[in-house]
Amino acid sequence: MHDGGGIVFSIFLIFAGAAILSTLALYTRQSLLVVYMLLGIILGPWGLGLVSDSEMIKQTGEIGIIFLLFLLGLNLHPQNLWHMLRKVTWIALISSVVFIALGYVVGRAFGFNNTEAVVIGAAMMFSSTIIGLKLLPTTILHHQHTGEVMISILLMQDLIAIVTLLLLHGAGSNGLHIGDIVTIVVAFPGLLLFAFLMERYVLVKLLSRFDQVQEYVFLLSIAWCLGMAKLASLLGLSDEIGAFIAGVAIAASPIALYISESLKPLRDFFLVLFFFSIGASFNLQFLNVVLVPALILGVLMLVFKPVVFQVLLHRAKEDKKVAWEVGFRLGQISEFSLLVAYLAASTDLIGESASYLIQATTIITFVVSSYFVVLKYPTPLALTEKMRRD
């Protein structure tokens, strides 16, 4: 951390810098998400070094992802979610096979060994929950359905990501035990059951009795969100899945809309830190080594992901316009891809070059995909009043 003032000084630099660059971005019609990542590169340890503890910033920013998934769960009725999950399971599985194959082929073509190519391919399977849903309006009926489709695919990808991370951890340590797999299989339905029992017998009674005390509702909703996230983590699932289930469990409550609106500023604060940390964590010294394969891999993902999702969703009887929009909104790789890179590198399954290839590809697809979506579709961050939807 910078010697001039610790965490307070770092937060000041991040938000003051973000305000300045965001002003320039709005005048030049650029995406704000790109601004946050660019600021991380400039101020981070591999740039000016003014904010050196990018890991701490990243961990703080991940709270924003938890709140994002919680708020999205609040907008999904459980029956609608169950229907969509049944519809998109095969879509998530087939698309994952296609994307892992593309990543594997590119990895092998640029001289990475078989294990590294498999890990590179695995990192390509996922689309970004944050990019996809941060740029999705929730106030239009059409986009509510689009959101249901996207969230269902992303939730299935999250489950695939958990299994992938479990396999990587096992391959890099003492091996994968059958008990680990059983834990995952049992944990997810168990967490769902616990959430809905808590909602029915505890939360709904507390909210109905004290819903006039807004501060209490605010505190209770944050405690419920973070508590479920932590419980999911302890069960071997992800914090994000726990937060999402917490939101879905109380989505039918009349107070859900108030909770959703009151937590948005808190979510946005932490998401700025998260995107900053992505830029800050990238080592520019590896850029000349991975730039060409990262550009090729990034272009392949940006082109093939929308096409693959469009074809599969259209075959699932989705409207062609909705299928294309979902495809483009999911046309990047994911923050889970960064976790794959970090874990595989920390367990010596891949070298630094392969890890930074995944990181560079993630940043490239984040930048291009978010910029394209902001220009083409309605988003909360749109550059014109006509396209801006919250």
# chains A, B, ... in the order shown; residues from 1 in each chain; ligands from 1
$ residues_around --residues "Leu330 in chain A" --least-positions-apart "3" --cutoff "8 Å" --atoms "only C-alpha atoms" --output "list of chain:residue names"
A:Ser127, A:Ser128, A:Gly132, A:Met150, A:Lys305, A:Pro306, A:Val326, A:Gly327, A:Ile333
$ residues_around --residues "range 256-260 of chain A" --least-positions-apart "4" --cutoff "12 Å" --atoms "only C-alpha atoms" --output "number ranges by chain"
A: 67-77, 138-139, 203-204, 207-208, 211-222, 224-225, 246-252, 264-267
$ closest_residue --among "A:Val97, A:Val119, A:Asn283, A:Leu291" --to "Leu167 in chain A" --atoms "only C-alpha atoms"
A:Val119
$ decode --residues "range 102-128 of chain A" --atoms "N, CA and C atoms" --output "CSV table (one decimal), in the first residue's frame"
chain,number,residue,atom,x,y,z
A,102,LEU,N,-11.9,-24.4,-28.7
A,102,LEU,CA,-11.2,-23.3,-29.3
A,102,LEU,C,-10.0,-22.9,-28.6
A,103,GLY,N,-10.1,-22.7,-27.2
A,103,GLY,CA,-9.0,-22.3,-26.4
A,103,GLY,C,-7.9,-23.3,-26.5
A,104,TYR,N,-8.2,-24.6,-26.5
A,104,TYR,CA,-7.2,-25.7,-26.5
A,104,TYR,C,-6.4,-25.6,-27.8
A,105,VAL,N,-7.1,-25.4,-28.9
A,105,VAL,CA,-6.5,-25.4,-30.3
A,105,VAL,C,-5.5,-24.2,-30.3
A,106,VAL,N,-5.9,-23.0,-29.9
A,106,VAL,CA,-5.1,-21.8,-29.9
A,106,VAL,C,-3.9,-22.0,-29.0
A,107,GLY,N,-4.1,-22.6,-27.8
A,107,GLY,CA,-3.0,-22.8,-26.9
A,107,GLY,C,-1.9,-23.7,-27.5
A,108,ARG,N,-2.3,-24.8,-28.1
A,108,ARG,CA,-1.4,-25.7,-28.7
A,108,ARG,C,-0.7,-25.1,-29.9
A,109,ALA,N,-1.4,-24.3,-30.7
A,109,ALA,CA,-0.9,-23.6,-31.9
A,109,ALA,C,0.3,-22.7,-31.5
A,110,PHE,N,0.2,-22.1,-30.3
A,110,PHE,CA,1.3,-21.2,-29.9
A,110,PHE,C,2.3,-21.8,-28.9
A,111,GLY,N,2.4,-23.1,-28.9
A,111,GLY,CA,3.5,-23.8,-28.3
A,111,GLY,C,3.3,-24.1,-26.8
A,112,PHE,N,2.1,-24.0,-26.3
A,112,PHE,CA,1.9,-24.3,-24.9
A,112,PHE,C,1.7,-25.9,-24.8
A,113,ASN,N,2.1,-26.4,-23.7
A,113,ASN,CA,2.0,-27.9,-23.6
A,113,ASN,C,0.5,-28.3,-23.4
A,114,ASN,N,0.3,-29.6,-23.4
A,114,ASN,CA,-1.1,-30.1,-23.4
A,114,ASN,C,-1.9,-29.7,-22.2
A,115,THR,N,-1.2,-29.7,-21.0
A,115,THR,CA,-1.9,-29.3,-19.7
A,115,THR,C,-2.3,-27.8,-19.8
A,116,GLU,N,-1.3,-27.0,-20.2
A,116,GLU,CA,-1.6,-25.6,-20.3
A,116,GLU,C,-2.7,-25.2,-21.3
A,117,ALA,N,-2.7,-26.0,-22.4
A,117,ALA,CA,-3.7,-25.7,-23.4
A,117,ALA,C,-5.1,-26.1,-22.9
A,118,VAL,N,-5.2,-27.2,-22.1
A,118,VAL,CA,-6.5,-27.6,-21.5
A,118,VAL,C,-6.9,-26.5,-20.5
A,119,VAL,N,-6.0,-26.0,-19.7
A,119,VAL,CA,-6.4,-24.9,-18.8
A,119,VAL,C,-6.8,-23.6,-19.5
A,120,ILE,N,-6.1,-23.3,-20.6
A,120,ILE,CA,-6.5,-22.1,-21.4
A,120,ILE,C,-7.9,-22.3,-21.9
A,121,GLY,N,-8.1,-23.5,-22.4
A,121,GLY,CA,-9.5,-23.8,-23.0
A,121,GLY,C,-10.5,-23.8,-21.9
A,122,ALA,N,-10.2,-24.3,-20.7
A,122,ALA,CA,-11.2,-24.2,-19.6
A,122,ALA,C,-11.5,-22.8,-19.2
A,123,ALA,N,-10.6,-21.9,-19.3
A,123,ALA,CA,-10.8,-20.5,-19.0
A,123,ALA,C,-11.7,-19.8,-20.0
A,124,MET,N,-11.8,-20.4,-21.2
A,124,MET,CA,-12.7,-19.8,-22.2
A,124,MET,C,-14.1,-20.1,-22.1
A,125,MET,N,-14.5,-21.1,-21.2
A,125,MET,CA,-15.8,-21.6,-21.1
A,125,MET,C,-16.8,-20.6,-20.6
A,126,PHE,N,-16.4,-19.7,-19.8
A,126,PHE,CA,-17.3,-18.9,-19.0
A,126,PHE,C,-17.5,-17.5,-19.6
A,127,SER,N,-18.7,-16.9,-19.4
A,127,SER,CA,-18.9,-15.5,-19.7
A,127,SER,C,-19.0,-14.7,-18.4
A,128,SER,N,-18.8,-13.4,-18.5
A,128,SER,CA,-18.7,-12.6,-17.3
A,128,SER,C,-20.1,-12.3,-16.7
